[in-house]
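Coordinates as given in my_file.pdb (PDB, C-alpha atoms and all ligand atoms):
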```pdb
ATOM      1  CA  MET B  93     -29.069 -31.796  43.728
ATOM      2  CA  LYS B  94     -31.140 -28.705  44.283
ATOM      3  CA  ILE B  95     -34.054 -28.838  46.683
ATOM      4  CA  HIS B  96     -36.507 -26.488  45.079
ATOM      5  CA  ASP B  97     -37.534 -23.530  47.133
ATOM      6  CA  PHE B  98     -41.112 -24.046  48.261
ATOM      7  CA  ARG B  99     -41.360 -20.312  48.961
ATOM      8  CA  THR B 100     -41.151 -19.261  45.326
ATOM      9  CA  ARG B 101     -44.079 -19.479  42.965
ATOM     10  CA  LYS B 102     -42.062 -21.721  40.629
ATOM     11  CA  GLY B 103     -40.824 -24.019  43.424
ATOM     12  CA  SER B 104     -44.254 -24.450  44.985
ATOM     13  CA  ALA B 105     -45.806 -25.092  41.540
ATOM     14  CA  ARG B 106     -43.152 -27.728  40.751
ATOM     15  CA  PHE B 107     -43.839 -29.537  44.021
ATOM     16  CA  THR B 108     -47.568 -29.462  43.382
ATOM     17  CA  MET B 109     -47.078 -30.938  39.878
ATOM     18  CA  THR B 110     -44.796 -33.767  41.037
ATOM     19  CA  ALA B 111     -44.718 -35.070  44.622
ATOM     20  CA  GLY B 112     -47.685 -32.911  45.616
ATOM     21  CA  HIS B 113     -49.700 -34.740  42.982
ATOM     22  CA  ARG B 114     -48.290 -38.290  43.048
ATOM     23  CA  ILE B 115     -47.182 -38.776  46.673
ATOM     24  CA  ALA B 116     -48.571 -36.320  49.220
ATOM     25  CA  PRO B 117     -52.292 -37.182  48.707
ATOM     26  CA  LEU B 118     -51.650 -40.916  49.201
ATOM     27  CA  VAL B 119     -49.650 -40.462  52.383
ATOM     28  CA  ALA B 120     -52.136 -37.830  53.596
ATOM     29  CA  GLU B 121     -54.907 -40.371  53.032
ATOM     30  CA  ALA B 122     -53.202 -42.847  55.371
ATOM     31  CA  LEU B 123     -52.613 -40.166  58.035
ATOM     32  CA  ALA B 124     -56.213 -38.954  57.690
ATOM     33  CA  GLU B 125     -57.441 -42.476  58.391
ATOM     34  CA  TRP B 126     -55.422 -42.524  61.605
ATOM     35  CA  VAL B 127     -56.835 -39.147  62.616
ATOM     36  CA  ALA B 128     -60.401 -40.173  61.784
ATOM     37  CA  ALA B 129     -60.009 -43.333  63.845
ATOM     38  CA  THR B 130     -59.187 -41.215  66.905
ATOM     39  CA  VAL B 131     -61.183 -37.997  66.566
ATOM     40  CA  ARG B 132     -64.942 -38.357  66.765
ATOM     41  CA  ALA B 133     -66.630 -37.108  63.585
ATOM     42  CA  ASP B 134     -69.049 -34.930  65.593
ATOM     43  CA  ASP B 135     -66.388 -33.520  67.932
ATOM     44  CA  ALA B 136     -66.858 -29.822  67.193
ATOM     45  CA  SER B 137     -64.509 -28.844  69.994
ATOM     46  CA  CYS B 138     -61.418 -30.437  68.437
ATOM     47  CA  ARG B 139     -58.841 -27.911  67.194
ATOM     48  CA  LEU B 140     -56.245 -29.425  64.863
ATOM     49  CA  LEU B 141     -53.052 -27.813  63.595
ATOM     50  CA  ASP B 142     -51.608 -29.047  60.281
ATOM     51  CA  VAL B 143     -47.948 -28.006  60.220
ATOM     52  CA  ALA B 144     -46.151 -27.486  56.882
ATOM     53  CA  CYS B 145     -49.573 -27.929  55.270
ATOM     54  CA  GLY B 146     -48.309 -27.097  51.764
ATOM     55  CA  SER B 147     -51.198 -26.661  49.358
ATOM     56  CA  GLY B 148     -53.568 -28.038  51.996
ATOM     57  CA  THR B 149     -53.778 -31.676  50.872
ATOM     58  CA  LEU B 150     -54.189 -33.181  54.367
ATOM     59  CA  ALA B 151     -56.126 -30.274  55.904
ATOM     60  CA  LEU B 152     -58.669 -30.341  53.056
ATOM     61  CA  ARG B 153     -58.956 -34.111  53.243
ATOM     62  CA  LEU B 154     -59.667 -33.839  57.002
ATOM     63  CA  ALA B 155     -62.101 -30.957  56.500
ATOM     64  CA  ARG B 156     -64.121 -33.161  54.124
ATOM     65  CA  GLU B 157     -64.233 -36.089  56.548
ATOM     66  CA  LEU B 158     -64.493 -34.181  59.830
ATOM     67  CA  PRO B 159     -66.377 -30.976  58.959
ATOM     68  CA  ASP B 160     -66.988 -30.030  62.599
ATOM     69  CA  MET B 161     -63.314 -29.978  63.499
ATOM     70  CA  ARG B 162     -61.529 -26.619  63.576
ATOM     71  CA  ILE B 163     -58.473 -26.918  61.355
ATOM     72  CA  SER B 164     -55.580 -24.475  61.034
ATOM     73  CA  GLY B 165     -53.015 -25.116  58.305
ATOM     74  CA  VAL B 166     -49.688 -23.296  58.473
ATOM     75  CA  ASP B 167     -46.754 -23.306  56.095
ATOM     76  CA  ALA B 168     -43.605 -21.224  55.717
ATOM     77  CA  SER B 169     -44.405 -20.620  52.057
ATOM     78  CA  PRO B 170     -46.999 -17.916  51.311
ATOM     79  CA  ASN B 171     -47.291 -19.416  47.810
ATOM     80  CA  MET B 172     -48.267 -22.787  49.261
ATOM     81  CA  ILE B 173     -50.772 -21.082  51.552
ATOM     82  CA  ALA B 174     -52.277 -19.207  48.592
ATOM     83  CA  GLN B 175     -52.712 -22.543  46.786
ATOM     84  CA  ALA B 176     -54.366 -24.050  49.880
ATOM     85  CA  GLN B 177     -56.790 -21.136  50.143
ATOM     86  CA  GLU B 178     -57.656 -21.370  46.450
ATOM     87  CA  ARG B 179     -58.274 -25.104  46.755
ATOM     88  CA  ALA B 180     -60.482 -24.630  49.828
ATOM     89  CA  THR B 181     -62.595 -22.135  47.888
ATOM     90  CA  SER B 182     -62.796 -24.177  44.695
ATOM     91  CA  GLU B 183     -63.646 -27.366  46.620
ATOM     92  CA  GLY B 184     -66.411 -25.564  48.543
ATOM     93  CA  LEU B 185     -64.638 -26.089  51.871
ATOM     94  CA  ALA B 186     -63.798 -22.486  52.738
ATOM     95  CA  ASN B 187     -65.513 -21.607  56.017
ATOM     96  CA  GLU B 188     -64.660 -20.224  59.427
ATOM     97  CA  ARG B 189     -63.657 -23.679  60.736
ATOM     98  CA  LEU B 190     -60.809 -24.007  58.228
ATOM     99  CA  SER B 191     -58.000 -21.457  58.047
ATOM    100  CA  PHE B 192     -54.590 -21.233  56.400
ATOM    101  CA  ALA B 193     -51.768 -18.883  57.347
ATOM    102  CA  PRO B 194     -48.118 -18.449  56.398
ATOM    103  CA  MET B 195     -46.051 -19.344  59.467
ATOM    104  CA  ASP B 196     -42.701 -20.841  60.374
ATOM    105  CA  ALA B 197     -43.067 -24.131  62.260
ATOM    106  CA  GLN B 198     -40.076 -23.104  64.345
ATOM    107  CA  HIS B 199     -41.931 -20.005  65.601
ATOM    108  CA  LEU B 200     -45.622 -20.786  65.825
ATOM    109  CA  ALA B 201     -47.701 -17.697  66.546
ATOM    110  CA  PHE B 202     -50.128 -19.514  68.853
ATOM    111  CA  ALA B 203     -50.542 -19.461  72.611
ATOM    112  CA  PRO B 204     -49.520 -22.570  74.574
ATOM    113  CA  ALA B 205     -52.112 -25.377  74.535
ATOM    114  CA  SER B 206     -54.087 -23.872  71.629
ATOM    115  CA  PHE B 207     -54.672 -27.222  69.865
ATOM    116  CA  ASP B 208     -56.052 -30.657  70.692
ATOM    117  CA  ALA B 209     -54.231 -32.466  67.889
ATOM    118  CA  ALA B 210     -51.584 -31.837  65.235
ATOM    119  CA  THR B 211     -50.463 -33.342  61.942
ATOM    120  CA  CYS B 212     -47.447 -32.923  59.693
ATOM    121  CA  ASN B 213     -47.434 -34.684  56.344
ATOM    122  CA  LEU B 214     -43.920 -35.034  54.843
ATOM    123  CA  GLY B 215     -42.776 -31.730  56.355
ATOM    124  CA  PHE B 216     -40.149 -32.900  58.860
ATOM    125  CA  PRO B 217     -37.180 -33.408  56.448
ATOM    126  CA  PHE B 218     -37.589 -29.841  55.200
ATOM    127  CA  PHE B 219     -37.354 -28.032  58.531
ATOM    128  CA  ALA B 220     -34.069 -26.179  58.906
ATOM    129  CA  HIS B 221     -34.271 -26.743  62.670
ATOM    130  CA  PRO B 222     -36.436 -29.827  63.250
ATOM    131  CA  ALA B 223     -35.858 -29.905  67.023
ATOM    132  CA  GLU B 224     -37.229 -26.371  67.344
ATOM    133  CA  ALA B 225     -40.225 -27.221  65.188
ATOM    134  CA  MET B 226     -41.016 -30.288  67.310
ATOM    135  CA  ALA B 227     -40.696 -28.252  70.517
ATOM    136  CA  GLU B 228     -43.021 -25.596  69.093
ATOM    137  CA  ILE B 229     -45.632 -28.169  68.065
ATOM    138  CA  ARG B 230     -45.506 -29.643  71.548
ATOM    139  CA  ARG B 231     -45.874 -26.194  73.122
ATOM    140  CA  VAL B 232     -49.090 -25.383  71.245
ATOM    141  CA  LEU B 233     -50.715 -28.760  72.027
ATOM    142  CA  VAL B 234     -52.689 -29.548  75.165
ATOM    143  CA  PRO B 235     -51.186 -32.235  77.451
ATOM    144  CA  GLY B 236     -51.704 -35.732  76.068
ATOM    145  CA  ALA B 237     -52.701 -34.455  72.608
ATOM    146  CA  PRO B 238     -51.948 -36.690  69.606
ATOM    147  CA  PHE B 239     -49.515 -35.704  66.873
ATOM    148  CA  TRP B 240     -49.493 -37.643  63.594
ATOM    149  CA  ALA B 241     -46.519 -37.218  61.265
ATOM    150  CA  SER B 242     -45.199 -38.819  58.100
ATOM    151  CA  VAL B 243     -41.715 -38.772  56.598
ATOM    152  CA  PRO B 244     -40.234 -40.321  53.457
ATOM    153  CA  ASP B 245     -38.246 -43.459  54.264
ATOM    154  CA  ARG B 246     -34.818 -44.406  52.889
ATOM    155  CA  GLN B 247     -36.333 -47.434  51.113
ATOM    156  CA  SER B 248     -38.207 -45.132  48.739
ATOM    157  CA  TRP B 249     -37.646 -45.837  45.015
ATOM    158  CA  ARG B 250     -34.968 -48.440  45.939
ATOM    159  CA  GLU B 251     -35.315 -50.431  42.689
ATOM    160  CA  PHE B 252     -34.850 -47.259  40.655
ATOM    161  CA  PHE B 253     -31.840 -46.015  42.648
ATOM    162  CA  GLU B 254     -30.103 -49.404  42.444
ATOM    163  CA  VAL B 255     -29.828 -48.836  38.696
ATOM    164  CA  VAL B 256     -28.676 -45.237  39.223
ATOM    165  CA  TYR B 257     -25.810 -46.424  41.482
ATOM    166  CA  GLU B 258     -24.853 -48.977  38.847
ATOM    167  CA  VAL B 259     -24.843 -46.615  35.857
ATOM    168  CA  VAL B 260     -23.739 -43.233  37.229
ATOM    169  CA  PRO B 261     -20.077 -43.202  38.325
ATOM    170  CA  ASP B 262     -20.446 -40.509  41.017
ATOM    171  CA  ALA B 263     -23.931 -41.503  42.103
ATOM    172  CA  THR B 264     -23.149 -41.358  45.838
ATOM    173  CA  GLN B 265     -21.957 -37.781  45.513
ATOM    174  CA  LEU B 266     -24.777 -36.823  43.161
ATOM    175  CA  LEU B 267     -27.496 -38.232  45.393
ATOM    176  CA  ARG B 268     -26.040 -37.191  48.737
ATOM    177  CA  GLY B 269     -28.358 -34.251  49.458
ATOM    178  CA  PHE B 270     -31.412 -36.159  48.278
ATOM    179  CA  MET B 271     -30.585 -39.260  50.319
ATOM    180  CA  ALA B 272     -29.999 -37.067  53.369
ATOM    181  CA  ARG B 273     -33.695 -36.103  53.200
ATOM    182  CA  LEU B 274     -34.668 -39.758  53.123
ATOM    183  CA  GLU B 275     -32.413 -40.444  56.113
ATOM    184  CA  GLN B 276     -34.497 -38.030  58.180
ATOM    185  CA  ALA B 277     -36.984 -40.822  58.880
ATOM    186  CA  GLN B 278     -34.525 -42.231  61.404
ATOM    187  CA  ARG B 279     -34.328 -38.852  63.118
ATOM    188  CA  LEU B 280     -38.053 -38.375  63.605
ATOM    189  CA  LEU B 281     -38.447 -40.654  66.628
ATOM    190  CA  PRO B 282     -35.495 -39.267  68.655
ATOM    191  CA  SER B 283     -36.518 -35.705  67.738
ATOM    192  CA  LEU B 284     -40.036 -36.328  68.977
ATOM    193  CA  GLU B 285     -38.868 -37.944  72.186
ATOM    194  CA  GLN B 286     -36.407 -35.163  72.841
ATOM    195  CA  ALA B 287     -39.137 -32.582  72.372
ATOM    196  CA  GLY B 288     -41.341 -34.308  74.962
ATOM    197  CA  PHE B 289     -43.540 -36.600  72.887
ATOM    198  CA  GLU B 290     -44.188 -40.268  73.504
ATOM    199  CA  VAL B 291     -44.205 -42.215  70.239
ATOM    200  CA  THR B 292     -47.092 -44.658  70.448
ATOM    201  CA  HIS B 293     -47.068 -46.236  66.988
ATOM    202  CA  GLN B 294     -44.979 -46.320  63.820
ATOM    203  CA  GLU B 295     -45.770 -48.032  60.537
ATOM    204  CA  LEU B 296     -44.195 -48.185  57.090
ATOM    205  CA  LEU B 297     -46.533 -47.357  54.229
ATOM    206  CA  ARG B 298     -45.436 -48.839  50.890
ATOM    207  CA  LEU B 299     -47.004 -47.279  47.836
ATOM    208  CA  PRO B 300     -46.464 -48.878  44.428
ATOM    209  CA  PHE B 301     -44.867 -46.247  42.204
ATOM    210  CA  ALA B 302     -44.502 -46.900  38.493
ATOM    211  CA  PHE B 303     -43.015 -44.933  35.606
ATOM    212  CA  ALA B 304     -43.960 -45.756  32.008
ATOM    213  CA  ASN B 305     -40.280 -45.908  31.047
ATOM    214  CA  GLY B 306     -36.775 -44.811  32.058
ATOM    215  CA  HIS B 307     -37.120 -41.371  30.508
ATOM    216  CA  GLU B 308     -40.257 -40.647  32.510
ATOM    217  CA  ALA B 309     -38.522 -41.738  35.713
ATOM    218  CA  VAL B 310     -35.508 -39.508  35.101
ATOM    219  CA  THR B 311     -37.768 -36.571  34.174
ATOM    220  CA  PHE B 312     -39.781 -37.024  37.396
ATOM    221  CA  PHE B 313     -36.658 -36.720  39.562
ATOM    222  CA  ASN B 314     -35.412 -33.779  37.510
ATOM    223  CA  ASP B 315     -38.720 -31.972  37.976
ATOM    224  CA  LEU B 316     -38.859 -32.851  41.663
ATOM    225  CA  PHE B 317     -35.282 -32.179  42.815
ATOM    226  CA  SER B 318     -33.256 -31.412  39.651
ATOM    227  CA  LEU B 319     -31.524 -34.712  40.497
ATOM    228  CA  PHE B 320     -29.951 -35.578  37.145
ATOM    229  CA  THR B 321     -29.800 -32.176  35.487
ATOM    230  CA  THR B 322     -26.026 -31.967  35.962
ATOM    231  CA  LEU B 323     -25.412 -35.329  34.257
ATOM    232  CA  PRO B 324     -23.877 -35.196  30.751
ATOM    233  CA  ALA B 325     -26.633 -35.942  28.205
ATOM    234  CA  PRO B 326     -25.080 -39.281  27.027
ATOM    235  CA  LEU B 327     -24.984 -40.541  30.623
ATOM    236  CA  GLU B 328     -28.566 -39.475  31.248
ATOM    237  CA  ARG B 329     -29.598 -41.340  28.052
ATOM    238  CA  ARG B 330     -27.650 -44.410  29.197
ATOM    239  CA  LEU B 331     -29.478 -44.315  32.523
ATOM    240  CA  SER B 332     -32.870 -44.181  30.781
ATOM    241  CA  ARG B 333     -31.851 -47.006  28.410
ATOM    242  CA  THR B 334     -30.617 -49.241  31.218
ATOM    243  CA  LEU B 335     -33.837 -48.657  33.136
ATOM    244  CA  ASP B 336     -35.820 -49.673  30.027
ATOM    245  CA  GLU B 337     -33.749 -52.847  29.640
ATOM    246  CA  ARG B 338     -34.083 -53.706  33.323
ATOM    247  CA  PHE B 339     -37.806 -52.898  33.505
ATOM    248  CA  PRO B 340     -39.246 -53.687  30.051
ATOM    249  CA  GLY B 341     -42.812 -53.284  31.315
ATOM    250  CA  GLY B 342     -42.167 -49.866  32.905
ATOM    251  CA  VAL B 343     -40.086 -48.913  35.954
ATOM    252  CA  ALA B 344     -41.837 -50.637  38.856
ATOM    253  CA  THR B 345     -40.678 -49.292  42.187
ATOM    254  CA  SER B 346     -42.281 -48.058  45.396
ATOM    255  CA  TYR B 347     -42.430 -45.024  47.621
ATOM    256  CA  VAL B 348     -42.126 -45.740  51.320
ATOM    257  CA  ALA B 349     -43.279 -43.386  54.057
ATOM    258  CA  LEU B 350     -42.906 -43.806  57.786
ATOM    259  CA  LEU B 351     -46.131 -42.947  59.589
ATOM    260  CA  THR B 352     -45.838 -42.026  63.237
ATOM    261  CA  CYS B 353     -48.345 -41.430  65.980
ATOM    262  CA  ALA B 354     -47.094 -39.618  69.068
ATOM    263  CA  ARG B 355     -48.689 -37.800  71.958
ATOM    264  CA  ARG B 356     -47.598 -34.906  74.078
ATOM    265  CA  ASP B 357     -45.989 -36.575  77.042
ATOM    266  CA  ASP B 358     -46.064 -34.443  80.145
ATOM    267  CA  ALA B 359     -44.850 -37.123  82.515
ATOM    268  CA  ALA B 360     -41.486 -37.079  80.761
ATOM    269  CA  VAL B 361     -40.855 -33.387  81.239
ATOM    270  CA  SER B 362     -42.924 -32.192  84.177
ATOM    271  CA  VAL B 363     -40.687 -33.992  86.610
ATOM    272  CA  ALA B 364     -40.881 -32.466  90.079
ATOM    273  CA  PRO B 365     -37.922 -30.170  90.648
ATOM    274  CA  ALA B 366     -35.120 -32.002  92.367
ATOM    275  CA  GLU B 367     -34.787 -31.279  96.040
ATOM    276  CA  ALA B 368     -32.209 -28.676  96.809
ATOM    277  CA  PRO B 369     -28.969 -30.410  97.692
ATOM    278  CA  PRO B 370     -28.137 -30.304 101.379
ATOM    279  CA  SER B 371     -26.038 -27.256 101.990
ATOM    280  CA  ALA B 372     -22.399 -27.960 102.225
ATOM    281  CA  THR B 373     -21.162 -27.914 105.773
ATOM    282  CA  HIS B 374     -17.492 -28.217 105.128
TER     283      HIS B 374
HETATM  284  C1  LIG Q 401     -42.868 -31.915  51.037
HETATM  285  S1  LIG Q 401     -43.816 -30.476  51.320
HETATM  286  C2  LIG Q 401     -45.246 -31.178  52.123
HETATM  287  C3  LIG Q 401     -46.449 -30.290  52.014
HETATM  288  C4  LIG Q 401     -47.770 -30.837  52.513
HETATM  289  N1  LIG Q 401     -47.753 -31.247  53.892
HETATM  290  C5  LIG Q 401     -48.292 -31.939  51.626
HETATM  291  O1  LIG Q 401     -48.565 -33.018  52.134
HETATM  292  O2  LIG Q 401     -48.434 -31.715  50.422
HETATM  293  C6  LIG Q 401     -42.947 -29.714  52.648
HETATM  294  C7  LIG Q 401     -43.563 -28.396  53.091
HETATM  295  O3  LIG Q 401     -42.833 -27.957  54.246
HETATM  296  C8  LIG Q 401     -42.889 -26.544  54.241
HETATM  297  N2  LIG Q 401     -41.873 -26.044  55.164
HETATM  298  C9  LIG Q 401     -40.539 -26.155  55.082
HETATM  299  N3  LIG Q 401     -39.956 -25.558  56.146
HETATM  300  C10 LIG Q 401     -40.963 -25.069  56.916
HETATM  301  C11 LIG Q 401     -40.997 -24.370  58.150
HETATM  302  N4  LIG Q 401     -39.885 -24.038  58.810
HETATM  303  N5  LIG Q 401     -42.190 -24.029  58.663
HETATM  304  C12 LIG Q 401     -43.332 -24.353  58.013
HETATM  305  N6  LIG Q 401     -43.353 -25.013  56.835
HETATM  306  C13 LIG Q 401     -42.188 -25.374  56.296
HETATM  307  C14 LIG Q 401     -42.632 -26.194  52.774
HETATM  308  O4  LIG Q 401     -42.995 -24.871  52.460
HETATM  309  C15 LIG Q 401     -43.490 -27.256  52.079
HETATM  310  O5  LIG Q 401     -44.787 -26.786  51.805
END
```

What's the structure tokens form of this structure?
Ligand SMILES: C[S@@+](CC[C@H](N)C(=O)[O-])C[C@H]1O[C@@H](n2cnc3c(N)ncnc32)[C@H](O)[C@@H]1O
Amino acid sequence: MKIHDFRTRKGSARFTMTAGHRIAPLVAEALAEWVAATVRADDASCRLLDVACGSGTLALRLARELPDMRISGVDASPNMIAQAQERATSEGLANERLSFAPMDAQHLAFAPASFDAATCNLGFPFFAHPAEAMAEIRRVLVPGAPFWASVPDRQSWREFFEVVYEVVPDATQLLRGFMARLEQAQRLLPSLEQAGFEVTHQELLRLPFAFANGHEAVTFFNDLFSLFTTLPAPLERRLSRTLDERFPGGVATSYVALLTCARRDDAAVSVAPAEAPPSATH
């Protein structure tokens, strides 16, 4: 499996056409509802950082609902940032309260305590060094600030993958890299806690996800992660056929995301320095 490179024009365009179109907006919608339930609509002083903002799906959604909030979207991919800026302009949302900049989440170019809230929609599994990214997000938040994040869960597309494991002889090997991304959901909570966040709420979001037929399902995963492109053509056809037999009305499966609400926890890390040990007398 090849995770496409979000930094290239082709990779960012492929994401936007597939998961960026069918998944990210739905998960962003759920996160945005959590944000809107916490941040007052007229709170013009709230500064929010959207990390790994991609083409701006969540930041733009928030800018529509909370126009007074100051939103900064950052992403490691300049191509994603260009898409976000274009969308802001074409949707009439470009103004001085909404900004996008290319930036590595592991090295945020902001002073400590620059933001009152942060979000990260489906970015966590793609960070090369997630612990550093979490520590950086914490650093740029004010004490007690909320941080809302979503990650894909291992239950995603389970019905579809059950058939893959049945039909493809080396499915475990083939899917290893892809499944590793889905496993990241389990790592989010310990990573947050280690970085000095308190996790206040977690919830699984199950989105019905249907493909018209087996071929469409296989094509989706090829476009998204080149998942089955190394399969011999007869095996790929057999997979599509089996999916059609198993799901005569279309491949009915679901995408599952883990939504998390955390807050910068200063009690956990600003522990008073331990008293100096009594000096040794012998
Ligand atoms: C699955 S996409 C999600 C994009 C966006 N949040 C959305 O909902 O559409 C993951 C994003 O993480 C970004 N990314 C990966 N590593 C990053 C890093 N170290 N710093 C910032 N962004 C990063 C990628 O460029 C990509 O846009």

B:Thr211, B:Asn187, B:Thr181, B:Thr130 ranked by distance to ligand LIG 401 (chain Q), top pick (using all atoms listed in the file):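 Distance minimum relative to ligand LIG 401 (chain Q) lands on B:Thr211.
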
Option closest in space to ligand LIG 401 (chain Q), from B:Phe312, B:Phe317, B:Phe303, B:Phe252 [counting all atoms listed in the file]: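 Smallest distance to ligand LIG 401 (chain Q) is found for B:Phe317.
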
Explicit residues for the PyMOL selection byres (((chain B and resi 334) around 12) and not hetatm) (as number ranges by chain): B: 252-260, 305-307, 309-310, 327-333, 335-340, 342-343

Each region 214-312 of chain B residue no farther than 12 Å from region 107-113 of chain B, nearest pair in Å, all atoms listed in the file, as a tab-separated table:
```
residue	atom	partner	partner_atom	distance
B:Leu214	CA	B:Gly112	CA	10.2
B:Gly215	CA	B:Gly112	CA	11.9
B:Pro244	CA	B:Ala111	CA	11.2
B:Phe301	CA	B:Ala111	CA	11.4
B:Glu308	CA	B:Thr110	CA	11.9
B:Ala309	CA	B:Thr110	CA	11.5
B:Thr311	CA	B:Thr110	CA	10.2
B:Phe312	CA	B:Thr110	CA	7.0
```

How about saving the chosen residues, C-alpha atoms kept, as a short mmCIF file (atom, residue, chain, number, x, y, z; two decimals), keeping the file's coordinate frame?
```cif
data_model
loop_
_atom_site.label_atom_id
_atom_site.label_comp_id
_atom_site.auth_asym_id
_atom_site.auth_seq_id
_atom_site.Cartn_x
_atom_site.Cartn_y
_atom_site.Cartn_z
CA LEU B 214 -43.92 -35.03 54.84
CA GLY B 215 -42.78 -31.73 56.36
CA PRO B 244 -40.23 -40.32 53.46
CA PHE B 301 -44.87 -46.25 42.20
CA GLU B 308 -40.26 -40.65 32.51
CA ALA B 309 -38.52 -41.74 35.71
CA THR B 311 -37.77 -36.57 34.17
CA PHE B 312 -39.78 -37.02 37.40
#
```

Expected answer as number ranges by chain: residues within 9 Å of ligand LIG 401 (chain Q), all atoms listed in the file: B: 97-99, 104, 107-108, 111-113, 115-120, 142-151, 166-173, 194-200, 211-222, 225, 242-243

Reference answer for the PyMOL selection byres (((chain B and resi 191) around 7) and not hetatm), as a list of chain:residue names: B:Ile163, B:Ser164, B:Gly165, B:Glu188, B:Arg189, B:Leu190, B:Phe192, B:Ala193

Print the selection's residues with C-alpha atoms to a file, as a compact mmCIF listing (two decimals), keeping the file's coordinate frame.
```
# COMPACT_ATOMS: atom_id res chain seq x y z
CA ILE B 163 -58.47 -26.92 61.36
CA SER B 164 -55.58 -24.48 61.03
CA GLY B 165 -53.02 -25.12 58.30
CA GLU B 188 -64.66 -20.22 59.43
CA ARG B 189 -63.66 -23.68 60.74
CA LEU B 190 -60.81 -24.01 58.23
CA PHE B 192 -54.59 -21.23 56.40
CA ALA B 193 -51.77 -18.88 57.35
```

Atom pair CA of Gly236 (chain B) / CA of Gln286 (chain B): separation (Å):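 These atoms are spaced 15.6 Å apart.
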
CA of Ala223 (chain B) to CA of Phe289 (chain B), distance in Å rounded to a single decimal: 11.8 Å

Specify as a compact mmCIF listing (two decimals) with C-alpha atoms, in the frame of the given file each residue included when the PyMOL selection byres (((chain B and resi 287) around 10) and not hetatm) is applied to this file.
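The new file selection-v7.txt reads:
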```txt
# COMPACT_ATOMS: atom_id res chain seq x y z
CA PRO B 222 -36.44 -29.83 63.25
CA ALA B 223 -35.86 -29.90 67.02
CA GLU B 224 -37.23 -26.37 67.34
CA ALA B 225 -40.22 -27.22 65.19
CA MET B 226 -41.02 -30.29 67.31
CA ALA B 227 -40.70 -28.25 70.52
CA GLU B 228 -43.02 -25.60 69.09
CA ILE B 229 -45.63 -28.17 68.06
CA ARG B 230 -45.51 -29.64 71.55
CA ARG B 231 -45.87 -26.19 73.12
CA LEU B 281 -38.45 -40.65 66.63
CA PRO B 282 -35.49 -39.27 68.66
CA SER B 283 -36.52 -35.70 67.74
CA LEU B 284 -40.04 -36.33 68.98
CA GLU B 285 -38.87 -37.94 72.19
CA GLN B 286 -36.41 -35.16 72.84
CA GLY B 288 -41.34 -34.31 74.96
CA PHE B 289 -43.54 -36.60 72.89
CA GLU B 290 -44.19 -40.27 73.50
CA ARG B 356 -47.60 -34.91 74.08
CA ASP B 357 -45.99 -36.58 77.04
CA ALA B 360 -41.49 -37.08 80.76
CA VAL B 361 -40.85 -33.39 81.24
```

Top pick for closest residue to Ser248 (chain B), considering B:Pro300, B:Pro204, B:Pro326, B:Gly341 and counting all atoms listed in the file: B:Pro300

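From CA of Gln247 (chain B) back to CA of Ala277 (chain B), the distance works out to 10.2 Å.
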
Residue contacts of Arg162 (chain B) (8 Å, all atoms listed in the file) excluding same-chain residues fewer than 4 positions away, as a list of chain:residue names: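 Near neighbours after the sequence-gap exclusion: B:Ala136, B:Ser137, B:Cys138, B:Arg139, B:Leu140, B:Arg189, B:Leu190.
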
Distance criterion (all atoms listed in the file): nearest to Phe202 (chain B) out of B:Val131, B:His293, B:Arg246, B:Val232: B:Val232

Nearest to Ala128 (chain B), chosen from B:Leu274, B:Ala344, B:Ala209, B:Gly103, with all atoms listed in the file counted in the distances: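 Of B:Leu274, B:Ala344, B:Ala209, B:Gly103, the one nearest Ala128 (chain B), counting all atoms listed in the file, is B:Ala209.
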
Given only C-alpha atoms as the counted atoms, nearest of B:Arg298, B:Leu323, B:Ala205, B:Ala155 to Leu185 (chain B):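 Closest to Leu185 (chain B), using only C-alpha atoms: B:Ala155.
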
Would you compute, for all listed atoms of region 233-237 of chain B, the axis-aligned bounding box grown by 8 Å on each side, and then report its centre and edge lengths in Å rounded to one decimal, as lines of an AutoDock Vina configuration file?
```
center_x = -51.7
center_y = -32.2
center_z = 74.7
size_x = 18.0
size_y = 23.0
size_z = 21.4
```

Shell of 6 Å around Thr345 (chain B), all atoms listed in the file, local chain residues under 6 positions omitted, as a PyMOL selection string: chain B and resi 249+251+301-302
